[in-house]
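Peer 1: What follows is the file run.pdb, containing PDB, C-alpha atoms:
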```pdb
ATOM      1  CA  MET A   1       7.842  -1.783  -9.730
ATOM      2  CA  ALA A   2       4.188  -0.840  -9.389
ATOM      3  CA  LEU A   3       2.392  -2.434  -6.443
ATOM      4  CA  THR A   4      -1.338  -3.002  -6.790
ATOM      5  CA  ALA A   5      -3.702  -3.389  -3.851
ATOM      6  CA  SER A   6      -3.497  -7.184  -4.140
ATOM      7  CA  ASP A   7       0.324  -7.033  -4.217
ATOM      8  CA  ILE A   8       0.341  -4.982  -1.020
ATOM      9  CA  ALA A   9      -2.137  -7.346   0.653
ATOM     10  CA  ARG A  10       0.039 -10.361  -0.161
ATOM     11  CA  THR A  11       3.130  -8.682   1.248
ATOM     12  CA  ARG A  12       1.341  -7.634   4.435
ATOM     13  CA  ALA A  13       0.179 -11.220   4.936
ATOM     14  CA  SER A  14       3.816 -12.328   5.156
ATOM     15  CA  PRO A  15       4.973 -11.475   8.704
ATOM     16  CA  GLY A  16       7.893  -9.088   8.866
ATOM     17  CA  SER A  17       7.843  -8.269   5.140
ATOM     18  CA  SER A  18       6.290  -4.832   5.482
ATOM     19  CA  ALA A  19       5.997  -1.957   7.918
ATOM     20  CA  LEU A  20       4.022   1.248   8.267
ATOM     21  CA  LEU A  21       5.741   4.518   9.160
ATOM     22  CA  PHE A  22       3.194   6.735  10.934
ATOM     23  CA  LEU A  23       4.728  10.106  10.201
ATOM     24  CA  THR A  24       2.563  12.612  12.068
ATOM     25  CA  ASP A  25      -0.681  13.207  13.956
ATOM     26  CA  ARG A  26      -1.170  16.426  11.994
ATOM     27  CA  CYS A  27      -3.674  16.743   9.149
ATOM     28  CA  PRO A  28      -4.972  19.983   7.584
ATOM     29  CA  VAL A  29      -8.095  18.238   6.286
ATOM     30  CA  GLU A  30      -9.584  17.042   9.613
ATOM     31  CA  CYS A  31     -12.144  14.647   8.108
ATOM     32  CA  ALA A  32     -15.132  14.005  10.330
ATOM     33  CA  HIS A  33     -14.575  10.225  10.136
ATOM     34  CA  CYS A  34     -10.808  10.152  10.750
ATOM     35  CA  SER A  35      -9.953   6.815  12.366
ATOM     36  CA  VAL A  36      -6.955   8.266  14.224
ATOM     37  CA  GLY A  37      -8.510  11.629  15.130
ATOM     38  CA  SER A  38      -5.854  13.736  13.351
ATOM     39  CA  LEU A  39      -6.119  17.533  13.587
ATOM     40  CA  ARG A  40      -4.501  20.600  12.025
ATOM     41  CA  GLY A  41      -2.691  21.193  15.302
ATOM     42  CA  GLY A  42      -1.762  17.558  15.826
ATOM     43  CA  ARG A  43       1.705  16.607  17.014
ATOM     44  CA  GLY A  44       4.558  16.011  14.612
ATOM     45  CA  ILE A  45       8.251  15.187  14.770
ATOM     46  CA  THR A  46       9.994  16.944  17.645
ATOM     47  CA  ASP A  47      12.984  14.634  18.203
ATOM     48  CA  TRP A  48      14.799  14.615  14.861
ATOM     49  CA  PRO A  49      17.705  12.317  15.876
ATOM     50  CA  ARG A  50      15.242   9.700  17.139
ATOM     51  CA  PHE A  51      13.156   9.933  13.965
ATOM     52  CA  THR A  52      16.137   9.558  11.640
ATOM     53  CA  ALA A  53      17.358   6.590  13.684
ATOM     54  CA  LEU A  54      13.978   4.882  13.287
ATOM     55  CA  VAL A  55      14.012   5.470   9.533
ATOM     56  CA  ALA A  56      17.583   4.147   9.320
ATOM     57  CA  SER A  57      16.535   0.972  11.125
ATOM     58  CA  LEU A  58      13.629   0.393   8.733
ATOM     59  CA  ALA A  59      15.905   1.022   5.763
ATOM     60  CA  ALA A  60      18.522  -1.433   7.022
ATOM     61  CA  ARG A  61      16.130  -4.261   7.921
ATOM     62  CA  GLU A  62      16.547  -6.695   5.026
ATOM     63  CA  ALA A  63      13.319  -8.640   5.603
ATOM     64  CA  ILE A  64      11.186  -5.538   5.081
ATOM     65  CA  GLN A  65      10.305  -5.185   1.404
ATOM     66  CA  VAL A  66       7.517  -2.599   1.542
ATOM     67  CA  VAL A  67       7.255   0.479   3.750
ATOM     68  CA  ALA A  68       4.002   2.430   3.722
ATOM     69  CA  VAL A  69       3.935   6.016   4.998
ATOM     70  CA  SER A  70       0.789   7.513   6.495
ATOM     71  CA  GLY A  71      -0.474   9.603   9.399
ATOM     72  CA  GLY A  72      -2.221  11.964   9.828
ATOM     73  CA  GLU A  73      -1.360  13.501   6.505
ATOM     74  CA  PRO A  74       2.273  12.685   5.682
ATOM     75  CA  PHE A  75       2.540  15.650   3.299
ATOM     76  CA  ALA A  76       1.897  17.914   6.297
ATOM     77  CA  GLU A  77       5.313  16.826   7.679
ATOM     78  CA  ARG A  78       7.560  18.058   4.878
ATOM     79  CA  ARG A  79      11.017  17.555   6.362
ATOM     80  CA  GLY A  80      10.230  14.101   7.756
ATOM     81  CA  LEU A  81       8.539  12.888   4.575
ATOM     82  CA  ILE A  82      11.339  14.045   2.294
ATOM     83  CA  HIS A  83      13.940  12.381   4.524
ATOM     84  CA  ALA A  84      12.013   9.109   4.866
ATOM     85  CA  ALA A  85      11.291   8.875   1.136
ATOM     86  CA  GLN A  86      14.947   9.497   0.245
ATOM     87  CA  GLU A  87      16.351   7.006   2.749
ATOM     88  CA  LEU A  88      13.861   4.218   2.130
ATOM     89  CA  HIS A  89      14.034   4.564  -1.640
ATOM     90  CA  ALA A  90      17.849   4.543  -1.541
ATOM     91  CA  ALA A  91      17.698   1.327   0.517
ATOM     92  CA  GLY A  92      15.625  -0.372  -2.182
ATOM     93  CA  LYS A  93      12.369  -0.466  -0.229
ATOM     94  CA  HIS A  94       9.104  -0.293  -2.129
ATOM     95  CA  LEU A  95       7.421   2.900  -0.936
ATOM     96  CA  VAL A  96       3.640   3.268  -0.584
ATOM     97  CA  LEU A  97       2.318   6.754   0.242
ATOM     98  CA  TYR A  98      -1.121   7.378   1.759
ATOM     99  CA  THR A  99      -2.551  10.866   1.264
ATOM    100  CA  SER A 100      -5.726  12.914   0.980
ATOM    101  CA  GLY A 101      -4.246  14.801  -1.954
ATOM    102  CA  TYR A 102      -4.891  18.158  -0.306
ATOM    103  CA  PHE A 103      -1.494  19.423  -1.508
ATOM    104  CA  GLY A 104      -2.653  19.392  -5.147
ATOM    105  CA  GLY A 105      -4.070  22.878  -4.778
ATOM    106  CA  THR A 106      -1.246  24.365  -2.710
ATOM    107  CA  ALA A 107       2.333  25.510  -3.041
ATOM    108  CA  ALA A 108       3.351  22.129  -1.585
ATOM    109  CA  ALA A 109       2.678  20.508  -4.958
ATOM    110  CA  GLY A 110       6.203  21.431  -6.119
ATOM    111  CA  TRP A 111       8.174  19.529  -3.488
ATOM    112  CA  ALA A 112       5.470  16.862  -3.249
ATOM    113  CA  ALA A 113       6.192  15.867  -6.842
ATOM    114  CA  GLU A 114       9.778  15.002  -5.872
ATOM    115  CA  VAL A 115       8.536  12.724  -3.089
ATOM    116  CA  LEU A 116       5.945  11.054  -5.315
ATOM    117  CA  ARG A 117       8.640  10.065  -7.803
ATOM    118  CA  ARG A 118      10.218   7.819  -5.168
ATOM    119  CA  ALA A 119       7.016   5.834  -4.573
ATOM    120  CA  GLU A 120       5.858   2.633  -6.243
ATOM    121  CA  THR A 121       2.269   3.219  -5.175
ATOM    122  CA  ILE A 122       0.244   6.236  -4.126
ATOM    123  CA  VAL A 123      -2.985   5.640  -2.209
ATOM    124  CA  LEU A 124      -5.198   8.664  -2.741
ATOM    125  CA  SER A 125      -8.312   8.890  -0.559
ATOM    126  CA  THR A 126     -11.663  10.273  -1.606
ATOM    127  CA  ASP A 127     -15.135   9.884  -0.159
ATOM    128  CA  ARG A 128     -18.002  12.112   0.921
ATOM    129  CA  HIS A 129     -16.068  13.317   3.965
ATOM    130  CA  HIS A 130     -12.863  14.090   2.057
ATOM    131  CA  ARG A 131     -14.697  15.812  -0.792
ATOM    132  CA  ALA A 132     -16.383  18.157   1.668
ATOM    133  CA  LEU A 133     -12.935  19.479   2.625
ATOM    134  CA  VAL A 134     -10.611  18.837  -0.330
ATOM    135  CA  PRO A 135     -11.897  20.608  -3.468
ATOM    136  CA  ASP A 136     -12.158  18.360  -6.501
ATOM    137  CA  GLU A 137      -9.698  20.540  -8.413
ATOM    138  CA  ALA A 138      -7.045  20.054  -5.710
ATOM    139  CA  TRP A 139      -7.660  16.292  -5.664
ATOM    140  CA  LEU A 140      -7.496  16.095  -9.448
ATOM    141  CA  ALA A 141      -4.213  18.022  -9.456
ATOM    142  CA  ALA A 142      -2.792  15.558  -6.912
ATOM    143  CA  ALA A 143      -3.957  12.624  -9.045
ATOM    144  CA  VAL A 144      -2.222  14.103 -12.111
ATOM    145  CA  LEU A 145       1.006  14.537 -10.104
ATOM    146  CA  ALA A 146       0.740  10.911  -8.996
ATOM    147  CA  ARG A 147       0.298   9.797 -12.599
ATOM    148  CA  ARG A 148       3.300  11.832 -13.750
ATOM    149  CA  SER A 149       5.451  10.200 -11.072
ATOM    150  CA  GLY A 150       4.978   6.823 -12.746
ATOM    151  CA  ALA A 151       3.582   5.212  -9.590
ATOM    152  CA  TRP A 152       0.533   2.969  -9.496
ATOM    153  CA  LEU A 153      -2.485   4.876  -8.185
ATOM    154  CA  ILE A 154      -4.952   3.313  -5.743
ATOM    155  CA  VAL A 155      -8.012   5.455  -5.142
ATOM    156  CA  GLN A 156      -9.334   4.426  -1.750
ATOM    157  CA  THR A 157     -12.946   5.183  -0.962
ATOM    158  CA  LEU A 158     -15.768   4.035   1.302
ATOM    159  CA  GLU A 159     -17.953   1.089   0.404
ATOM    160  CA  GLY A 160     -20.704   2.167  -1.951
ATOM    161  CA  GLU A 161     -18.860   5.253  -3.224
ATOM    162  CA  ALA A 162     -16.905   3.753  -6.123
ATOM    163  CA  ASP A 163     -19.007   5.597  -8.717
ATOM    164  CA  GLN A 164     -17.867   8.977  -7.379
ATOM    165  CA  ALA A 165     -14.231   7.826  -7.422
ATOM    166  CA  ARG A 166     -14.674   6.508 -10.954
ATOM    167  CA  GLY A 167     -16.059   9.862 -12.037
ATOM    168  CA  LEU A 168     -13.054  11.726 -10.631
ATOM    169  CA  LEU A 169     -10.625   9.403 -12.394
ATOM    170  CA  HIS A 170     -12.484   9.845 -15.667
ATOM    171  CA  ARG A 171     -12.275  13.616 -15.272
ATOM    172  CA  ALA A 172      -8.544  13.419 -14.603
ATOM    173  CA  PHE A 173      -7.497  10.917 -17.265
ATOM    174  CA  GLY A 174     -10.384   9.985 -19.512
ATOM    175  CA  PRO A 175     -11.577   6.437 -20.235
ATOM    176  CA  GLY A 176      -8.097   4.882 -20.159
ATOM    177  CA  TRP A 177      -7.474   5.493 -16.447
ATOM    178  CA  ALA A 178      -7.673   1.773 -15.543
ATOM    179  CA  GLY A 179      -4.278   1.262 -17.171
ATOM    180  CA  TRP A 180      -2.506   2.874 -14.219
ATOM    181  CA  ALA A 181      -5.077   3.142 -11.426
ATOM    182  CA  GLU A 182      -7.590   1.090  -9.467
ATOM    183  CA  ILE A 183     -10.379   1.765  -7.004
ATOM    184  CA  GLU A 184     -10.394   0.058  -3.610
ATOM    185  CA  GLU A 185     -13.541   0.249  -1.500
ATOM    186  CA  GLN A 186     -13.055   0.008   2.260
ATOM    187  CA  PRO A 187     -15.557  -0.248   5.124
ATOM    188  CA  GLY A 188     -15.699   2.714   7.478
ATOM    189  CA  LEU A 189     -13.592   2.228  10.589
ATOM    190  CA  SER A 190     -15.174   2.699  14.008
ATOM    191  CA  HIS A 191     -12.004   4.160  15.555
ATOM    192  CA  GLY A 192     -11.222   7.771  16.408
ATOM    193  CA  ARG A 193     -13.883  10.121  15.036
ATOM    194  CA  GLY A 194     -15.066   7.229  12.877
ATOM    195  CA  ALA A 195     -16.839   5.816  15.926
ATOM    196  CA  ASP A 196     -19.447   8.558  15.441
ATOM    197  CA  TRP A 197     -20.178   7.393  11.899
ATOM    198  CA  PHE A 198     -19.650   3.670  11.599
ATOM    199  CA  PRO A 199     -20.779   0.666  13.664
ATOM    200  CA  ALA A 200     -18.312  -1.705  15.275
ATOM    201  CA  PRO A 201     -17.331  -4.584  12.964
ATOM    202  CA  PRO A 202     -19.621  -7.610  13.025
ATOM    203  CA  ALA A 203     -18.678 -10.775  14.830
ATOM    204  CA  ALA A 204     -15.994 -12.710  13.028
ATOM    205  CA  GLY A 205     -15.704 -16.472  12.889
ATOM    206  CA  PRO A 206     -12.480 -18.432  13.161
ATOM    207  CA  GLY A 207      -9.741 -16.990  10.991
ATOM    208  CA  ARG A 208      -6.138 -15.863  11.077
ATOM    209  CA  CYS A 209      -5.129 -12.234  11.362
ATOM    210  CA  GLY A 210      -3.017 -11.319   8.361
ATOM    211  CA  LEU A 211      -1.995  -7.954   9.784
ATOM    212  CA  VAL A 212      -0.386  -8.839  13.099
ATOM    213  CA  GLY A 213       2.996  -9.155  11.398
ATOM    214  CA  THR A 214       2.894  -5.647   9.906
ATOM    215  CA  ALA A 215       4.464  -3.389  12.501
ATOM    216  CA  VAL A 216       3.645   0.317  12.779
ATOM    217  CA  VAL A 217       6.449   2.705  13.729
ATOM    218  CA  ARG A 218       5.284   6.097  14.948
ATOM    219  CA  TYR A 219       7.413   9.209  14.593
ATOM    220  CA  ASP A 220       7.570   9.424  18.415
ATOM    221  CA  GLY A 221       9.101   5.981  18.878
ATOM    222  CA  THR A 222       5.936   4.025  19.686
ATOM    223  CA  VAL A 223       6.004   0.689  17.877
ATOM    224  CA  SER A 224       2.846  -1.400  17.402
ATOM    225  CA  ALA A 225       2.556  -5.038  16.391
ATOM    226  CA  CYS A 226      -0.365  -4.313  14.069
ATOM    227  CA  CYS A 227      -2.175  -1.467  12.332
ATOM    228  CA  ASN A 228      -5.287  -1.282  14.521
ATOM    229  CA  GLU A 229      -5.892   2.454  14.836
ATOM    230  CA  THR A 230      -6.799   2.345  18.529
ATOM    231  CA  VAL A 231      -3.555   0.493  19.267
ATOM    232  CA  ILE A 232      -1.526   3.007  17.224
ATOM    233  CA  MET A 233      -3.021   5.812  19.310
ATOM    234  CA  GLY A 234      -2.221   4.156  22.643
ATOM    235  CA  GLY A 235      -5.241   1.934  23.391
ATOM    236  CA  GLY A 236      -5.725  -1.816  23.553
ATOM    237  CA  PRO A 237      -3.428  -4.373  25.213
ATOM    238  CA  ALA A 238       0.026  -3.141  26.198
ATOM    239  CA  ARG A 239       1.488  -6.335  24.709
ATOM    240  CA  LEU A 240       0.852  -4.847  21.251
ATOM    241  CA  ARG A 241       3.111  -1.830  21.850
ATOM    242  CA  ARG A 242       6.767  -1.173  22.567
ATOM    243  CA  THR A 243       8.925   1.943  22.484
ATOM    244  CA  ALA A 244      12.132   2.672  20.617
ATOM    245  CA  ASP A 245      14.425   5.694  20.730
ATOM    246  CA  SER A 246      17.252   4.306  18.585
ATOM    247  CA  ALA A 247      17.878   1.951  15.689
ATOM    248  CA  PRO A 248      18.932  -0.965  17.967
ATOM    249  CA  ALA A 249      15.845  -0.409  20.134
ATOM    250  CA  LEU A 250      13.589  -0.581  17.075
ATOM    251  CA  ASP A 251      15.262  -3.803  15.951
ATOM    252  CA  GLU A 252      14.717  -5.218  19.434
ATOM    253  CA  ALA A 253      11.041  -4.200  19.388
ATOM    254  CA  LEU A 254      10.386  -5.728  15.956
ATOM    255  CA  ASP A 255      12.247  -8.911  16.881
ATOM    256  CA  GLY A 256      10.260  -9.085  20.115
ATOM    257  CA  PHE A 257       6.956  -8.987  18.244
ATOM    258  CA  ALA A 258       8.180 -11.618  15.788
ATOM    259  CA  GLU A 259       9.221 -13.935  18.622
ATOM    260  CA  ASP A 260       6.072 -13.537  20.744
ATOM    261  CA  PRO A 261       4.355 -16.967  20.655
ATOM    262  CA  LEU A 262       0.870 -15.539  21.161
ATOM    263  CA  LEU A 263       1.221 -13.064  18.298
ATOM    264  CA  TRP A 264       2.619 -15.824  16.121
ATOM    265  CA  ALA A 265      -0.372 -18.064  16.897
ATOM    266  CA  ILE A 266      -2.863 -15.241  16.257
ATOM    267  CA  GLY A 267      -1.267 -14.635  12.885
ATOM    268  CA  ALA A 268      -1.036 -18.319  11.988
ATOM    269  CA  ALA A 269      -4.332 -19.699  13.294
ATOM    270  CA  GLY A 270      -6.390 -16.696  14.438
ATOM    271  CA  PRO A 271      -7.416 -15.545  17.909
ATOM    272  CA  ALA A 272     -10.581 -17.702  17.933
ATOM    273  CA  ALA A 273      -8.358 -20.790  17.982
ATOM    274  CA  LEU A 274      -7.007 -19.635  21.355
ATOM    275  CA  GLU A 275     -10.403 -19.025  22.967
ATOM    276  CA  THR A 276     -13.008 -21.343  24.383
ATOM    277  CA  GLY A 277     -16.583 -21.249  23.116
ATOM    278  CA  SER A 278     -17.937 -19.435  20.058
ATOM    279  CA  PRO A 279     -16.017 -16.392  18.785
ATOM    280  CA  GLN A 280     -17.476 -13.083  19.975
ATOM    281  CA  GLY A 281     -16.851  -9.770  18.241
ATOM    282  CA  GLY A 282     -14.446  -8.987  15.417
ATOM    283  CA  LEU A 283     -10.908 -10.303  15.055
ATOM    284  CA  CYS A 284      -9.447  -7.387  17.016
ATOM    285  CA  ALA A 285     -11.812  -7.923  19.951
ATOM    286  CA  GLN A 286     -10.950 -11.618  19.990
ATOM    287  CA  CYS A 287      -7.228 -10.834  19.849
ATOM    288  CA  TRP A 288      -7.430  -8.387  22.750
ATOM    289  CA  ARG A 289      -9.228 -10.926  24.948
ATOM    290  CA  VAL A 290      -6.562 -13.530  24.271
ATOM    291  CA  LEU A 291      -3.752 -11.093  25.049
ATOM    292  CA  ASP A 292      -5.461  -9.954  28.247
ATOM    293  CA  ARG A 293      -5.742 -13.572  29.424
ATOM    294  CA  PHE A 294      -2.029 -14.197  29.003
ATOM    295  CA  PRO A 295      -0.025 -11.134  30.118
ATOM    296  CA  PRO A 296       3.507 -10.718  28.749
ATOM    297  CA  THR A 297       5.232 -11.239  32.091
ATOM    298  CA  GLY A 298       5.685 -14.540  33.850
ATOM    299  CA  SER A 299       5.214 -18.030  32.488
ATOM    300  CA  HIS A 300       2.041 -19.893  31.558
ATOM    301  CA  PRO A 301       1.892 -23.545  30.433
ATOM    302  CA  PHE A 302      -0.223 -22.712  27.386
ATOM    303  CA  VAL A 303       2.113 -19.958  26.217
ATOM    304  CA  ASP A 304       5.127 -22.164  26.862
ATOM    305  CA  ALA A 305       3.496 -24.866  24.752
ATOM    306  CA  LEU A 306       2.978 -22.398  21.902
ATOM    307  CA  ARG A 307       6.594 -21.376  22.132
ATOM    308  CA  GLY A 308       7.667 -24.993  21.912
ATOM    309  CA  LEU A 309       5.324 -25.645  18.988
ATOM    310  CA  ARG A 310       6.719 -22.726  17.053
ATOM    311  CA  GLY A 311      10.254 -23.811  17.797
ATOM    312  CA  GLY A 312       9.491 -27.242  16.406
ATOM    313  CA  LEU A 313       8.104 -25.754  13.188
ATOM    314  CA  SER A 314      10.919 -23.274  12.555
TER     315      SER A 314
END
```
Now that the file is in, can you turn its structure into structure tokens?
Peer 2:
Amino acid sequence: MALTASDIARTRASPGSSALLFLTDRCPVECAHCSVGSLRGGRGITDWPRFTALVASLAAREAIQVVAVSGGEPFAERRGLIHAAQELHAAGKHLVLYTSGYFGGTAAAGWAAEVLRRAETIVLSTDRHHRALVPDEAWLAAAVLARRSGAWLIVQTLEGEADQARGLLHRAFGPGWAGWAEIEEQPGLSHGRGADWFPAPPAAGPGRCGLVGTAVVRYDGTVSACCNETVIMGGGPARLRRTADSAPALDEALDGFAEDPLLWAIGAAGPAALETGSPQGGLCAQCWRVLDRFPPTGSHPFVDALRGLRGGLS
């Protein structure tokens, strides 16, 4: 079943229905605007039993319908990617792969094709930073492999660069490309090396956070309650991170996020609803202030009231 960008967004907005497997910190492309600061020499999987246990837990968790795999560049972690794709596909999960497409011009294209065939959706990045490092011919070869796999293709690019992405798709497939691909423009992220290129997000008004229920599981056992890149890399409030070295520990971490009354309220009503005065900064900044005000240890009347409210609604 092909998953379009809107399908993925709807699933992510349903808490606990999707997860992101962050496969590696390694990336041979090293884009100047990388939001997680990945490098050619970045860390990858070193504890194989722990990694396979984490994948097994994701595969066995019935509520999770969609698992996205990213990094870093997931195709730079061959053994881990092949294993994850096999296990998650066999468990009936809808697989979404994020990649720069660098492998299109390398010997990796052979085994990459086998992985691509297990995916419902392939998100292929291109923008002025990627194109400076991934030759168009390599990207086009990756796009053709994605098309042959039968997966839906999402070409992700920066805001204002859709024309360049459209031109690449036309070169690869001709005028009929829209029958199996779409272009998704994204704002630049001011995390990692992206902080040197893009401003911080503008102030956000009241609004729920639709991403706080999409957990991120890193290859090293770090589990995050959301996909904020700074949080994934170890920053932000500690309440947004847990660790897991086994399948039961990952289940406990995911259940803990789901049962946290503050995270539930942020997802249901938005962090601005838990602050006094006018909202300041983006949703993430608002969320972090709320979490800093109410640490995870001890009891607080407001948090207890949220817990009771949720219990009454469930």
Peer 1: Written as a PyMOL selection string, which residues does the PyMOL selection byres ((chain A and resi 69) around 6) give for the file shown?
Peer 2: chain A and resi 20-21+68+70+97
Peer 1: Take CA of Leu240 in chain A and CA of Ala13 in chain A and report the distance between them in Å, one decimal.
Peer 2: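 Separation of CA of Leu240 in chain A and CA of Ala13 in chain A: 17.5 Å.
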Peer 1: So, with only C-alpha atoms as the atoms that count, which of A:Leu283, A:Leu250, A:Leu262, A:Val290 lies closest to Leu211 in chain A?
Peer 2: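 Once distances to Leu211 in chain A are computed over only C-alpha atoms, the minimum belongs to A:Leu283.
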Peer 1: Applying 9 Å and only C-alpha atoms, which residues near Gly80 in chain A remain after dropping the ones on its own chain fewer than 5 positions away? List them as a ChimeraX atom specification.
Peer 2: /A:23-24,45,48,51-52,74,85,219
Peer 1: Expanded to explicit residues, what is the PyMOL selection byres ((chain A and resi 15) around 9) for this file, as a PyMOL selection string?
Peer 2: chain A and resi 11-14+16-18+210-215+258+264+267
Peer 1: Which one is closest to Tyr98 in chain A: A:Ser224, A:Gln156, A:Gln65, A:Gln186? Count all atoms listed in the file.
Peer 2: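 Residue with the minimum atom-to-atom distance to Tyr98 in chain A: A:Gln156.
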Peer 1: Taking all atoms listed in the file into account, name the residue in A:Val217, A:Gly207, A:Pro175, A:Pro295 that is nearest to Arg239 in chain A.
Peer 2: A:Pro295
Peer 1: Work out how far CA of Ala172 in chain A is from CA of Val144 in chain A, in Å to one decimal.
Peer 2: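 Spanning CA of Val144 in chain A to CA of Ala172 in chain A is a straight-line distance of 6.8 Å.
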Peer 1: Can you pull out the residues contacting Arg128 in chain A? Cut-off 12 Å, using all atoms listed in the file, and skip same-chain residues under 6 positions away; I want them as a list in words.
Peer 2: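 Here the answer would be Cys31, Ala32, His33, Val134, Pro135, Asp136, Gln156, Thr157, Leu158, Glu159, Gly160, Glu161, Ala162, Asp163, Gln164, Ala165 and Gly188 of chain A.
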Peer 1: Between A:Ala59, A:Ala109, A:Leu116, A:Ala305, single out the one closest to Leu81 in chain A, counting only C-alpha atoms.
Peer 2: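 Among A:Ala59, A:Ala109, A:Leu116, A:Ala305, it is A:Leu116 that comes nearest to Leu81 in chain A.
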Peer 1: Written as an MDAnalysis selection string, what is the full residue list that the PyMOL selection byres ((chain A and resi 7) around 12) yields on the file shown?
Peer 2: chainID A and resid 1:6 8:14 18 65:66 94 96 120:121 152 154
Peer 1: Using all atoms listed in the file, determine which residues lie at most 6 Å from Ala247 in chain A, disregarding the query and same-chain residues fewer than 2 positions distant; provide the list as a ChimeraX atom specification.
Peer 2: /A:53-54,57,249-250
Peer 1: Which one is closest to Arg208 in chain A: A:Thr243, A:Ser190, A:Gln286, A:Thr230? Count only C-alpha atoms.
Peer 2: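 With only C-alpha atoms as the atom set, the closest residue is A:Gln286.
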Peer 1: So the first atom is CA of Gln86 in chain A and the second is CA of Val67 in chain A; what is the distance between them in Å, to one decimal place?
Peer 2: 12.4 Å
Peer 1: With all atoms listed in the file as the atoms that count, which of A:Leu274, A:Leu124, A:Leu169, A:Ile183 lies nearest to Cys287 in chain A?
Peer 2: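 Result for the nearest residue to Cys287 in chain A: A:Leu274.
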Peer 1: Name the residues, using the chain letters and numbers of the file, that sit within 12 Å of (-3.2, 10.8, -8.6) when counting only C-alpha atoms, and give them as JSON, numbers by chain.
Peer 2: {"A": [97, 98, 99, 100, 101, 102, 103, 104, 109, 112, 113, 116, 117, 121, 122, 123, 124, 125, 126, 136, 137, 138, 139, 140, 141, 142, 143, 144, 145, 146, 147, 148, 149, 150, 151, 152, 153, 154, 155, 156, 165, 168, 169, 170, 171, 172, 173, 177, 180, 181, 182, 183]}
